[in-house]
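Right, one structure below, let's go through it.
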Amino acid sequence: MFSFAMGTALGDWFADKKTGYNPDIFGLGLGLLNTGLILGAIFLIIIAYRCIAKPKTNSVLEILTFWLAYILTRPIGASFADYFGYDWRGGFLGNQGMSIIWILIFIVLLVTTILKYRNQRNKNNLKEVDG
């Protein structure tokens, strides 16, 4: 719950403007797209660090980088979804358009995963029969 709230607060703080609809006097006013790009870059830096430096298992750096990356997933996803759903071309995609796009992406990834699993299982079964 804490990480979800922190991610939401971070994204709102970066994106919210001091004027306009639902003003936030403390917001940085970067907008939705810029927030997604900046936090996405920070996320990629954290992932690159984990891949290159390979922090020791259960070390403070490993745990810290995991939680930082995990917290960033919320505002990154929300920033891009809100940008494409509300800001891009005056809300061209809207909630329904974004929902359809994400459902289609989910179905493609699910089918791909299932097919990969079945192919691997079939290969293992053939090895058992031949072996």
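Chain identifiers are assigned as A, B, and so on, following the order in which chains appear in the structure tokens; residues are numbered from 1 within each chain, and ligands are numbered from 1 in order of appearance.
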
For the alpha helix (DSSP H) assignment from backbone DSSP, which residues of chain A qualify? Please present them as a short mmCIF file (atom, residue, chain, number, x, y, z; two decimals) with N, CA and C atoms, in the first residue's frame.
data_model
loop_
_atom_site.label_atom_id
_atom_site.label_comp_id
_atom_site.auth_asym_id
_atom_site.auth_seq_id
_atom_site.Cartn_x
_atom_site.Cartn_y
_atom_site.Cartn_z
N PHE A 2 1.95 1.21 0.77
CA PHE A 2 2.86 2.35 0.86
C PHE A 2 3.50 2.64 -0.50
N SER A 3 3.98 1.58 -1.18
CA SER A 3 4.65 1.79 -2.46
C SER A 3 3.68 2.31 -3.51
N PHE A 4 2.45 1.84 -3.51
CA PHE A 4 1.46 2.32 -4.46
C PHE A 4 1.16 3.79 -4.21
N ALA A 5 0.99 4.15 -2.95
CA ALA A 5 0.72 5.55 -2.60
C ALA A 5 1.90 6.45 -2.95
N MET A 6 3.12 5.97 -2.72
CA MET A 6 4.30 6.76 -3.05
C MET A 6 4.41 6.97 -4.55
N GLY A 7 4.15 5.94 -5.33
CA GLY A 7 4.20 6.07 -6.78
C GLY A 7 3.17 7.05 -7.29
N THR A 8 1.96 6.97 -6.75
CA THR A 8 0.89 7.89 -7.16
C THR A 8 1.26 9.32 -6.80
N ALA A 9 1.74 9.53 -5.59
CA ALA A 9 2.11 10.88 -5.15
C ALA A 9 3.26 11.43 -5.99
N LEU A 10 4.24 10.59 -6.32
CA LEU A 10 5.37 11.03 -7.12
C LEU A 10 4.93 11.48 -8.51
N GLY A 11 4.10 10.66 -9.14
CA GLY A 11 3.61 11.01 -10.48
C GLY A 11 2.78 12.28 -10.47
N ASP A 12 1.91 12.42 -9.48
CA ASP A 12 1.09 13.63 -9.38
C ASP A 12 1.94 14.86 -9.13
N TRP A 13 2.92 14.72 -8.27
CA TRP A 13 3.80 15.85 -7.94
C TRP A 13 4.54 16.34 -9.19
N PHE A 14 5.07 15.41 -9.98
CA PHE A 14 5.77 15.79 -11.21
C PHE A 14 4.82 16.43 -12.23
N ALA A 15 3.64 15.86 -12.41
CA ALA A 15 2.76 16.26 -13.51
C ALA A 15 1.88 17.45 -13.22
N LEU A 32 1.90 15.31 -18.21
CA LEU A 32 1.84 13.85 -18.17
C LEU A 32 2.94 13.18 -19.01
N LEU A 33 3.14 13.64 -20.23
CA LEU A 33 4.14 13.01 -21.10
C LEU A 33 5.54 13.19 -20.53
N ASN A 34 5.89 14.40 -20.15
CA ASN A 34 7.23 14.64 -19.60
C ASN A 34 7.46 13.84 -18.31
N THR A 35 6.43 13.74 -17.48
CA THR A 35 6.55 12.93 -16.26
C THR A 35 6.84 11.49 -16.61
N GLY A 36 6.10 10.93 -17.56
CA GLY A 36 6.33 9.55 -17.97
C GLY A 36 7.73 9.34 -18.53
N LEU A 37 8.20 10.29 -19.33
CA LEU A 37 9.53 10.16 -19.92
C LEU A 37 10.64 10.29 -18.87
N ILE A 38 10.51 11.25 -17.97
CA ILE A 38 11.55 11.45 -16.94
C ILE A 38 11.60 10.26 -15.99
N LEU A 39 10.44 9.86 -15.47
CA LEU A 39 10.42 8.73 -14.54
C LEU A 39 10.79 7.43 -15.26
N GLY A 40 10.43 7.32 -16.53
CA GLY A 40 10.83 6.15 -17.32
C GLY A 40 12.34 6.09 -17.48
N ALA A 41 12.98 7.22 -17.68
CA ALA A 41 14.45 7.26 -17.78
C ALA A 41 15.10 6.85 -16.46
N ILE A 42 14.55 7.35 -15.36
CA ILE A 42 15.07 6.96 -14.04
C ILE A 42 14.90 5.45 -13.83
N PHE A 43 13.76 4.93 -14.22
CA PHE A 43 13.49 3.50 -14.12
C PHE A 43 14.52 2.69 -14.92
N LEU A 44 14.80 3.13 -16.15
CA LEU A 44 15.77 2.43 -17.00
C LEU A 44 17.18 2.49 -16.41
N ILE A 45 17.52 3.60 -15.78
CA ILE A 45 18.83 3.72 -15.12
C ILE A 45 18.93 2.70 -13.97
N ILE A 46 17.86 2.59 -13.20
CA ILE A 46 17.86 1.62 -12.08
C ILE A 46 17.98 0.20 -12.61
N ILE A 47 17.23 -0.13 -13.65
CA ILE A 47 17.29 -1.48 -14.23
C ILE A 47 18.68 -1.74 -14.81
N ALA A 48 19.26 -0.75 -15.50
CA ALA A 48 20.60 -0.91 -16.05
C ALA A 48 21.61 -1.15 -14.94
N TYR A 49 21.49 -0.41 -13.85
CA TYR A 49 22.38 -0.62 -12.72
C TYR A 49 22.27 -2.05 -12.20
N ARG A 50 21.05 -2.52 -12.05
CA ARG A 50 20.85 -3.89 -11.54
C ARG A 50 21.44 -4.93 -12.49
N CYS A 51 21.32 -4.69 -13.79
CA CYS A 51 21.84 -5.65 -14.78
C CYS A 51 23.36 -5.60 -14.88
N ILE A 52 23.94 -4.42 -14.78
CA ILE A 52 25.38 -4.27 -14.96
C ILE A 52 26.14 -4.52 -13.67
N ALA A 53 25.72 -3.86 -12.58
CA ALA A 53 26.46 -3.97 -11.32
C ALA A 53 26.13 -5.26 -10.57
N VAL A 60 21.52 -4.12 0.73
CA VAL A 60 20.72 -2.91 0.82
C VAL A 60 20.47 -2.34 -0.58
N LEU A 61 21.50 -2.34 -1.44
CA LEU A 61 21.34 -1.80 -2.79
C LEU A 61 20.37 -2.63 -3.63
N GLU A 62 20.42 -3.93 -3.48
CA GLU A 62 19.49 -4.77 -4.25
C GLU A 62 18.06 -4.50 -3.82
N ILE A 63 17.83 -4.45 -2.53
CA ILE A 63 16.48 -4.21 -2.01
C ILE A 63 16.01 -2.80 -2.37
N LEU A 64 16.87 -1.82 -2.20
CA LEU A 64 16.52 -0.44 -2.50
C LEU A 64 16.18 -0.25 -3.99
N THR A 65 17.01 -0.78 -4.86
CA THR A 65 16.75 -0.61 -6.29
C THR A 65 15.48 -1.35 -6.72
N PHE A 66 15.21 -2.51 -6.11
CA PHE A 66 13.97 -3.22 -6.42
C PHE A 66 12.77 -2.35 -6.08
N TRP A 67 12.75 -1.81 -4.86
CA TRP A 67 11.59 -1.04 -4.42
C TRP A 67 11.47 0.28 -5.17
N LEU A 68 12.58 0.91 -5.50
CA LEU A 68 12.51 2.13 -6.29
C LEU A 68 11.91 1.85 -7.67
N ALA A 69 12.37 0.78 -8.30
CA ALA A 69 11.83 0.42 -9.61
C ALA A 69 10.35 0.06 -9.50
N TYR A 70 10.00 -0.67 -8.47
CA TYR A 70 8.61 -1.07 -8.26
C TYR A 70 7.72 0.14 -8.05
N ILE A 71 8.15 1.08 -7.24
CA ILE A 71 7.37 2.30 -6.98
C ILE A 71 7.20 3.12 -8.26
N LEU A 72 8.22 3.15 -9.11
CA LEU A 72 8.16 3.95 -10.33
C LEU A 72 7.20 3.38 -11.38
N THR A 73 6.90 2.09 -11.31
CA THR A 73 6.01 1.52 -12.32
C THR A 73 4.63 2.17 -12.30
N ARG A 74 4.16 2.56 -11.14
CA ARG A 74 2.81 3.17 -11.02
C ARG A 74 2.74 4.53 -11.72
N PRO A 75 3.60 5.48 -11.39
CA PRO A 75 3.45 6.79 -12.06
C PRO A 75 3.83 6.77 -13.54
N ILE A 76 4.72 5.87 -13.94
CA ILE A 76 5.08 5.78 -15.36
C ILE A 76 3.87 5.32 -16.16
N GLY A 77 3.27 4.23 -15.72
CA GLY A 77 2.10 3.70 -16.42
C GLY A 77 0.94 4.68 -16.42
N ALA A 78 0.68 5.30 -15.29
CA ALA A 78 -0.43 6.24 -15.19
C ALA A 78 -0.19 7.48 -16.04
N SER A 79 1.04 7.97 -16.07
CA SER A 79 1.36 9.16 -16.85
C SER A 79 1.13 8.92 -18.34
N PHE A 80 1.64 7.80 -18.84
CA PHE A 80 1.45 7.52 -20.26
C PHE A 80 -0.01 7.22 -20.59
N ALA A 81 -0.69 6.46 -19.74
CA ALA A 81 -2.10 6.14 -19.98
C ALA A 81 -2.95 7.41 -19.97
N ASP A 82 -2.72 8.29 -19.00
CA ASP A 82 -3.48 9.53 -18.94
C ASP A 82 -3.14 10.45 -20.11
N GLY A 94 -9.13 8.40 -25.44
CA GLY A 94 -10.05 8.33 -24.31
C GLY A 94 -9.89 7.04 -23.51
N ASN A 95 -10.75 6.86 -22.55
CA ASN A 95 -10.67 5.66 -21.71
C ASN A 95 -10.98 4.39 -22.48
N GLN A 96 -12.00 4.43 -23.34
CA GLN A 96 -12.36 3.23 -24.10
C GLN A 96 -11.25 2.82 -25.06
N GLY A 97 -10.69 3.80 -25.77
CA GLY A 97 -9.62 3.48 -26.71
C GLY A 97 -8.41 2.89 -26.03
N MET A 98 -8.01 3.49 -24.91
CA MET A 98 -6.85 2.95 -24.17
C MET A 98 -7.15 1.58 -23.60
N SER A 99 -8.37 1.38 -23.13
CA SER A 99 -8.75 0.07 -22.58
C SER A 99 -8.67 -1.01 -23.66
N ILE A 100 -9.15 -0.70 -24.84
CA ILE A 100 -9.10 -1.68 -25.94
C ILE A 100 -7.66 -1.98 -26.31
N ILE A 101 -6.84 -0.95 -26.41
CA ILE A 101 -5.42 -1.16 -26.76
C ILE A 101 -4.74 -2.05 -25.73
N TRP A 102 -4.91 -1.75 -24.44
CA TRP A 102 -4.23 -2.53 -23.40
C TRP A 102 -4.78 -3.95 -23.31
N ILE A 103 -6.07 -4.14 -23.54
CA ILE A 103 -6.63 -5.50 -23.55
C ILE A 103 -6.04 -6.30 -24.70
N LEU A 104 -5.92 -5.68 -25.86
CA LEU A 104 -5.33 -6.38 -27.02
C LEU A 104 -3.86 -6.73 -26.75
N ILE A 105 -3.11 -5.80 -26.17
CA ILE A 105 -1.71 -6.09 -25.84
C ILE A 105 -1.64 -7.24 -24.83
N PHE A 106 -2.51 -7.21 -23.84
CA PHE A 106 -2.54 -8.28 -22.83
C PHE A 106 -2.84 -9.63 -23.48
N ILE A 107 -3.83 -9.67 -24.38
CA ILE A 107 -4.19 -10.93 -25.04
C ILE A 107 -3.02 -11.45 -25.87
N VAL A 108 -2.36 -10.56 -26.62
CA VAL A 108 -1.21 -10.99 -27.44
C VAL A 108 -0.11 -11.56 -26.54
N LEU A 109 0.21 -10.88 -25.44
CA LEU A 109 1.24 -11.38 -24.53
C LEU A 109 0.84 -12.69 -23.88
N LEU A 110 -0.43 -12.83 -23.51
CA LEU A 110 -0.91 -14.06 -22.90
C LEU A 110 -0.83 -15.23 -23.87
N VAL A 111 -1.29 -15.02 -25.10
CA VAL A 111 -1.24 -16.08 -26.11
C VAL A 111 0.21 -16.45 -26.41
N THR A 112 1.08 -15.46 -26.53
CA THR A 112 2.50 -15.72 -26.77
C THR A 112 3.11 -16.55 -25.65
N THR A 113 2.80 -16.22 -24.42
CA THR A 113 3.32 -16.96 -23.27
C THR A 113 2.79 -18.40 -23.26
N ILE A 114 1.51 -18.57 -23.53
CA ILE A 114 0.93 -19.92 -23.55
C ILE A 114 1.55 -20.76 -24.64
N LEU A 115 1.72 -20.19 -25.84
CA LEU A 115 2.33 -20.94 -26.94
C LEU A 115 3.78 -21.31 -26.63
N LYS A 116 4.51 -20.39 -26.04
CA LYS A 116 5.89 -20.67 -25.66
C LYS A 116 5.95 -21.80 -24.63
N TYR A 117 5.05 -21.76 -23.66
CA TYR A 117 5.00 -22.80 -22.63
C TYR A 117 4.67 -24.16 -23.26
N ARG A 118 3.70 -24.18 -24.16
CA ARG A 118 3.31 -25.45 -24.81
C ARG A 118 4.45 -26.01 -25.66
N ASN A 119 5.14 -25.13 -26.38
CA ASN A 119 6.28 -25.59 -27.19
C ASN A 119 7.37 -26.18 -26.32
N GLN A 120 7.66 -25.53 -25.21
CA GLN A 120 8.69 -26.03 -24.30
C GLN A 120 8.27 -27.36 -23.69
N ARG A 121 7.00 -27.47 -23.33
CA ARG A 121 6.49 -28.72 -22.75
C ARG A 121 6.56 -29.86 -23.78
N ASN A 122 6.21 -29.57 -25.02
CA ASN A 122 6.28 -30.58 -26.08
C ASN A 122 7.71 -31.03 -26.32
N LYS A 123 8.67 -30.10 -26.30
CA LYS A 123 10.08 -30.46 -26.47
C LYS A 123 10.54 -31.36 -25.34
N ASN A 124 10.13 -31.05 -24.13
CA ASN A 124 10.50 -31.88 -22.98
C ASN A 124 9.89 -33.27 -23.07
N ASN A 125 8.65 -33.35 -23.55
CA ASN A 125 8.00 -34.65 -23.71
C ASN A 125 8.69 -35.49 -24.78
N LEU A 126 9.14 -34.85 -25.86
CA LEU A 126 9.85 -35.58 -26.90
C LEU A 126 11.20 -36.10 -26.40
N LYS A 127 11.87 -35.33 -25.57
CA LYS A 127 13.14 -35.77 -25.00
C LYS A 127 12.94 -36.99 -24.11
N GLU A 128 11.83 -37.01 -23.34
CA GLU A 128 11.55 -38.14 -22.47
C GLU A 128 11.27 -39.41 -23.29
N VAL A 129 10.53 -39.25 -24.40
CA VAL A 129 10.21 -40.39 -25.24
C VAL A 129 11.47 -40.91 -25.93
N ASP A 130 12.32 -40.02 -26.43
CA ASP A 130 13.55 -40.42 -27.11
C ASP A 130 14.58 -40.96 -26.13
#

Taken to one decimal, the atom CA of Leu28 of chain A-atom CA of Phe92 of chain A distance is 25.5 Å

Extract, using only C-alpha atoms, all DNA, RNA and protein residues at most 9 Å from Phe26 of chain A, discarding same-chain residues fewer than 5 positions from it, and format them as a PyMOL selection string. chain A and resi 13+16-18
